[in-house]
Amino acid sequence: MTEAFPRAAVTRAVADGVKRLGLSATAPVEPLVDYLALLSRWNRAFNLSAVRDPLEMVPRHLLDSLATLPYLEGSRLLDVGSGAGLPGIPLALCRPDLQVTLLDTNGKKTRFLRQAALELALNRVTVVQERIERWSTDSVFDTVTARAFARLDHFVQGAGRIVAPHGLILAMKGHFDGDVETAEMPPGWRFEVEPLEVPGLDAARCVVRIRRQKVKSGETDG
């Protein structure tokens, strides 16, 4: 028999986690729990995540994603390699004003993303099945996120062309080796590393903020 989703325990864990993150005013607990319930149900059939226990999903997936919420900029968000919707769906639930695009190459994951957007009434979420390097779009984004997606320099090579001129790339990482991750960084970009404290998660986490370098006075882009 399939174990029922432990909703009461998950709700307590989510509420405690968002409080410890200082997000109680912006993170809607019940919709976030609804998302985890949906992910848990689909995960049993489609193996969307290696994390099987819904209570483990709270710190390892949900709170880890929400830790980046204070760093978002602008009104257009792209989540690259979104997988099961992390961090894009939790961020969309907390920021319903955002236009969010979830990008992934995996068909079963994009099917889940479309169903999640439908069931969670995320009307400003768009799902695209494509590789970032091959995606042809006229859109640019204020913030581009990725969670353990690729080496930093490779991520910038793929995503830099669709970041707005004053936009931001947020790369969520565990251990970060700057020398290795930036060895092939395209010219004209700078980065800074911010440690993240994720409630209930002992592993090291950080977010790397990447922007275009500012043109100095008297210089031109050409």
# chains A, B, ... in the order shown; residues from 1 in each chain; ligands from 1
>>> residues_around(residues="A:Glu130", least_positions_apart="3", cutoff="6 Å", atoms="only C-alpha atoms", output="MDAnalysis selection string")
chainID A and resid 104:105 135
>>> write_last_selection(atoms="all heavy atoms", output="PDB file, in the first residue's frame")
ATOM      1  N   ASP A 104      13.473  22.947 -19.272  1.00  0.00           N
ATOM      2  CA  ASP A 104      14.105  21.652 -19.014  1.00  0.00           C
ATOM      3  C   ASP A 104      14.037  20.816 -20.284  1.00  0.00           C
ATOM      4  O   ASP A 104      13.153  21.022 -21.123  1.00  0.00           O
ATOM      5  CB  ASP A 104      13.418  20.921 -17.856  1.00  0.00           C
ATOM      6  CG  ASP A 104      14.324  19.887 -17.209  1.00  0.00           C
ATOM      7  OD1 ASP A 104      14.371  18.743 -17.696  1.00  0.00           O
ATOM      8  OD2 ASP A 104      15.009  20.223 -16.225  1.00  0.00           O
ATOM      9  N   THR A 105      14.960  19.863 -20.409  1.00  0.00           N
ATOM     10  CA  THR A 105      15.008  19.031 -21.607  1.00  0.00           C
ATOM     11  C   THR A 105      14.214  17.747 -21.469  1.00  0.00           C
ATOM     12  O   THR A 105      13.907  17.096 -22.468  1.00  0.00           O
ATOM     13  CB  THR A 105      16.466  18.654 -21.938  1.00  0.00           C
ATOM     14  OG1 THR A 105      17.016  17.898 -20.839  1.00  0.00           O
ATOM     15  CG2 THR A 105      17.314  19.891 -22.169  1.00  0.00           C
ATOM     16  N   TRP A 135      17.832  26.984 -27.328  1.00  0.00           N
ATOM     17  CA  TRP A 135      16.547  27.668 -27.216  1.00  0.00           C
ATOM     18  C   TRP A 135      16.585  28.982 -27.982  1.00  0.00           C
ATOM     19  O   TRP A 135      17.387  29.863 -27.694  1.00  0.00           O
ATOM     20  CB  TRP A 135      16.209  27.916 -25.754  1.00  0.00           C
ATOM     21  CG  TRP A 135      14.830  28.456 -25.530  1.00  0.00           C
ATOM     22  CD1 TRP A 135      13.719  28.208 -26.265  1.00  0.00           C
ATOM     23  CD2 TRP A 135      14.436  29.340 -24.477  1.00  0.00           C
ATOM     24  NE1 TRP A 135      12.631  28.867 -25.745  1.00  0.00           N
ATOM     25  CE2 TRP A 135      13.042  29.573 -24.642  1.00  0.00           C
ATOM     26  CE3 TRP A 135      15.104  29.947 -23.421  1.00  0.00           C
ATOM     27  CZ2 TRP A 135      12.330  30.394 -23.789  1.00  0.00           C
ATOM     28  CZ3 TRP A 135      14.395  30.755 -22.563  1.00  0.00           C
ATOM     29  CH2 TRP A 135      13.028  30.986 -22.751  1.00  0.00           C
TER      30      TRP A 135
END
>>> closest_atom_pairs(of="stretch 30-148 of chain A", to="stretch 174-181 of chain A", cutoff="12 Å", atoms="only C-alpha atoms", output="JSON lines")
{"residue": "A:Arg60", "atom": "CA", "partner": "A:Gly174", "partner_atom": "CA", "distance": 11.6}
{"residue": "A:Asp64", "atom": "CA", "partner": "A:Gly174", "partner_atom": "CA", "distance": 10.6}
{"residue": "A:Arg147", "atom": "CA", "partner": "A:Gly174", "partner_atom": "CA", "distance": 9.4}
{"residue": "A:Ala148", "atom": "CA", "partner": "A:Gly174", "partner_atom": "CA", "distance": 7.6}
>>> residues_around(residues="stretch 8-20 of chain A", least_positions_apart="4", cutoff="10 Å", atoms="only C-alpha atoms", output="PyMOL selection string")
chain A and resi 24-30+32-34+36-37+54-59+62-64+66-67+197-200
>>> closest_residue(among="A:Pro31, A:Pro186, A:Pro6, A:Pro165", to="A:Pro96", atoms="only C-alpha atoms")
A:Pro31
>>> residues_around(residues="stretch 110-126 of chain A", least_positions_apart="5", cutoff="7 Å", atoms="only C-alpha atoms", output="PDB file with N, CA, C and O atoms, in the first residue's frame")
ATOM      1  N   ALA A  84      12.142  19.248 -11.425  1.00  0.00           N
ATOM      2  CA  ALA A  84      10.830  19.133 -10.800  1.00  0.00           C
ATOM      3  C   ALA A  84      10.269  20.489 -10.396  1.00  0.00           C
ATOM      4  O   ALA A  84       9.342  20.569  -9.598  1.00  0.00           O
ATOM      5  N   GLY A  85      10.846  21.562 -10.960  1.00  0.00           N
ATOM      6  CA  GLY A  85      10.349  22.910 -10.677  1.00  0.00           C
ATOM      7  C   GLY A  85      11.102  23.628  -9.584  1.00  0.00           C
ATOM      8  O   GLY A  85      10.548  24.523  -8.936  1.00  0.00           O
ATOM      9  N   LEU A  98       5.490  37.608 -10.651  1.00  0.00           N
ATOM     10  CA  LEU A  98       6.545  37.273 -11.603  1.00  0.00           C
ATOM     11  C   LEU A  98       6.005  36.556 -12.834  1.00  0.00           C
ATOM     12  O   LEU A  98       5.097  35.728 -12.732  1.00  0.00           O
ATOM     13  N   GLN A  99       6.610  36.861 -13.986  1.00  0.00           N
ATOM     14  CA  GLN A  99       6.474  36.019 -15.168  1.00  0.00           C
ATOM     15  C   GLN A  99       7.603  35.002 -15.108  1.00  0.00           C
ATOM     16  O   GLN A  99       8.772  35.365 -15.166  1.00  0.00           O
ATOM     17  N   VAL A 100       7.264  33.721 -14.968  1.00  0.00           N
ATOM     18  CA  VAL A 100       8.260  32.677 -14.746  1.00  0.00           C
ATOM     19  C   VAL A 100       8.263  31.704 -15.914  1.00  0.00           C
ATOM     20  O   VAL A 100       7.210  31.201 -16.318  1.00  0.00           O
ATOM     21  N   THR A 101       9.463  31.433 -16.440  1.00  0.00           N
ATOM     22  CA  THR A 101       9.633  30.412 -17.475  1.00  0.00           C
ATOM     23  C   THR A 101      10.474  29.291 -16.893  1.00  0.00           C
ATOM     24  O   THR A 101      11.558  29.532 -16.345  1.00  0.00           O
ATOM     25  N   LEU A 102       9.961  28.054 -16.994  1.00  0.00           N
ATOM     26  CA  LEU A 102      10.666  26.872 -16.516  1.00  0.00           C
ATOM     27  C   LEU A 102      11.196  26.116 -17.728  1.00  0.00           C
ATOM     28  O   LEU A 102      10.423  25.697 -18.591  1.00  0.00           O
ATOM     29  N   ASP A 104      13.473  22.947 -19.272  1.00  0.00           N
ATOM     30  CA  ASP A 104      14.105  21.652 -19.014  1.00  0.00           C
ATOM     31  C   ASP A 104      14.037  20.816 -20.284  1.00  0.00           C
ATOM     32  O   ASP A 104      13.153  21.022 -21.123  1.00  0.00           O
TER      33      ASP A 104
END
>>> closest_residue(among="A:Val163, A:Leu152, A:Ile132, A:Leu78", to="A:Val207", atoms="only C-alpha atoms")
A:Leu152
>>> select_by_dssp(residues="stretch 6-209 of chain A", states="alpha helix (DSSP H)", output="ChimeraX atom specification")
/A:7-20,29-46,54-57,64-66,88-94,107-119,152-159,178-181
>>> residues_around(residues="A:Gly167", least_positions_apart="2", cutoff="12 Å", atoms="only C-alpha atoms", output="MDAnalysis selection string")
chainID A and resid 71:78 140:145 159:165 169:170 189 209:214
>>> write_last_selection(atoms="N, CA, C and O atoms", output="compact mmCIF listing (two decimals), in the first residue's frame")
# COMPACT_ATOMS: atom_id res chain seq x y z
N TYR A 71 17.00 37.42 -3.24
CA TYR A 71 17.96 37.86 -4.25
C TYR A 71 17.33 38.13 -5.61
O TYR A 71 18.00 38.64 -6.51
N LEU A 72 16.06 37.78 -5.78
CA LEU A 72 15.42 37.96 -7.08
C LEU A 72 15.32 39.44 -7.44
O LEU A 72 15.09 40.28 -6.58
N GLU A 73 15.45 39.72 -8.73
CA GLU A 73 15.32 41.09 -9.23
C GLU A 73 14.38 41.10 -10.43
O GLU A 73 14.31 40.14 -11.19
N GLY A 74 13.67 42.21 -10.59
CA GLY A 74 12.84 42.40 -11.77
C GLY A 74 11.58 41.57 -11.75
O GLY A 74 11.17 41.01 -10.73
N SER A 75 10.95 41.47 -12.92
CA SER A 75 9.63 40.83 -13.02
C SER A 75 9.61 39.61 -13.94
O SER A 75 8.58 38.96 -14.06
N ARG A 76 10.75 39.29 -14.56
CA ARG A 76 10.80 38.15 -15.48
C ARG A 76 11.89 37.20 -15.03
O ARG A 76 13.07 37.57 -14.98
N LEU A 77 11.49 35.96 -14.71
CA LEU A 77 12.40 34.96 -14.16
C LEU A 77 12.47 33.75 -15.09
O LEU A 77 11.44 33.25 -15.55
N LEU A 78 13.68 33.29 -15.35
CA LEU A 78 13.91 32.05 -16.09
C LEU A 78 14.62 31.07 -15.18
O LEU A 78 15.66 31.40 -14.59
N VAL A 140 14.14 38.38 -22.96
CA VAL A 140 15.26 38.53 -22.05
C VAL A 140 14.68 38.53 -20.63
O VAL A 140 13.51 38.85 -20.42
N PHE A 141 15.52 38.16 -19.67
CA PHE A 141 15.04 37.94 -18.32
C PHE A 141 15.83 38.78 -17.32
O PHE A 141 17.04 38.95 -17.46
N ASP A 142 15.10 39.27 -16.31
CA ASP A 142 15.74 40.06 -15.27
C ASP A 142 16.57 39.20 -14.33
O ASP A 142 17.63 39.62 -13.85
N THR A 143 16.07 38.00 -14.04
CA THR A 143 16.81 37.05 -13.21
C THR A 143 16.77 35.69 -13.88
O THR A 143 15.71 35.24 -14.34
N VAL A 144 17.92 35.03 -13.96
CA VAL A 144 18.02 33.66 -14.48
C VAL A 144 18.59 32.80 -13.36
O VAL A 144 19.65 33.11 -12.81
N THR A 145 17.87 31.74 -13.01
CA THR A 145 18.30 30.87 -11.92
C THR A 145 18.66 29.49 -12.44
O THR A 145 18.20 29.05 -13.50
N ALA A 159 23.51 30.93 -20.96
CA ALA A 159 22.38 31.77 -20.56
C ALA A 159 22.64 33.26 -20.71
O ALA A 159 21.69 34.05 -20.70
N GLY A 160 23.89 33.66 -20.85
CA GLY A 160 24.21 35.09 -20.84
C GLY A 160 23.49 35.89 -21.91
O GLY A 160 23.12 37.05 -21.68
N ARG A 161 23.22 35.29 -23.05
CA ARG A 161 22.61 36.02 -24.17
C ARG A 161 21.16 36.42 -23.89
O ARG A 161 20.63 37.31 -24.56
N ILE A 162 20.51 35.77 -22.92
CA ILE A 162 19.11 36.09 -22.66
C ILE A 162 18.91 36.76 -21.30
O ILE A 162 17.78 36.84 -20.81
N VAL A 163 19.99 37.24 -20.72
CA VAL A 163 19.90 38.04 -19.50
C VAL A 163 19.75 39.49 -19.90
O VAL A 163 20.48 39.99 -20.76
N ALA A 164 18.80 40.20 -19.31
CA ALA A 164 18.61 41.62 -19.60
C ALA A 164 19.90 42.39 -19.32
O ALA A 164 20.74 41.94 -18.53
N PRO A 165 20.09 43.55 -19.97
CA PRO A 165 21.35 44.29 -19.81
C PRO A 165 21.76 44.52 -18.36
O PRO A 165 22.95 44.45 -18.04
N ILE A 169 22.21 36.69 -12.94
CA ILE A 169 22.19 35.23 -12.93
C ILE A 169 22.42 34.77 -11.51
O ILE A 169 23.36 35.22 -10.84
N LEU A 170 21.57 33.87 -11.02
CA LEU A 170 21.71 33.29 -9.69
C LEU A 170 21.97 31.80 -9.85
O LEU A 170 21.10 31.05 -10.29
N TRP A 189 31.94 39.56 -17.50
CA TRP A 189 31.06 39.15 -16.41
C TRP A 189 31.84 39.14 -15.10
O TRP A 189 33.02 38.83 -15.07
N ARG A 209 26.10 35.14 -7.49
CA ARG A 209 25.42 36.20 -8.23
C ARG A 209 26.36 36.68 -9.34
O ARG A 209 27.47 37.12 -9.08
N ILE A 210 25.88 36.60 -10.58
CA ILE A 210 26.70 36.94 -11.74
C ILE A 210 26.04 38.07 -12.50
O ILE A 210 24.84 38.01 -12.80
N ARG A 211 26.83 39.10 -12.82
CA ARG A 211 26.34 40.24 -13.59
C ARG A 211 27.37 40.63 -14.65
O ARG A 211 28.54 40.27 -14.56
N ARG A 212 26.88 41.40 -15.62
CA ARG A 212 27.81 42.02 -16.56
C ARG A 212 28.64 43.08 -15.82
O ARG A 212 28.13 43.77 -14.94
N GLN A 213 29.89 43.18 -16.19
CA GLN A 213 30.73 44.21 -15.60
C GLN A 213 30.29 45.57 -16.07
O GLN A 213 29.89 45.75 -17.23
N LYS A 214 30.33 46.53 -15.18
CA LYS A 214 29.97 47.89 -15.53
C LYS A 214 31.05 48.51 -16.41
O LYS A 214 32.24 48.31 -16.19
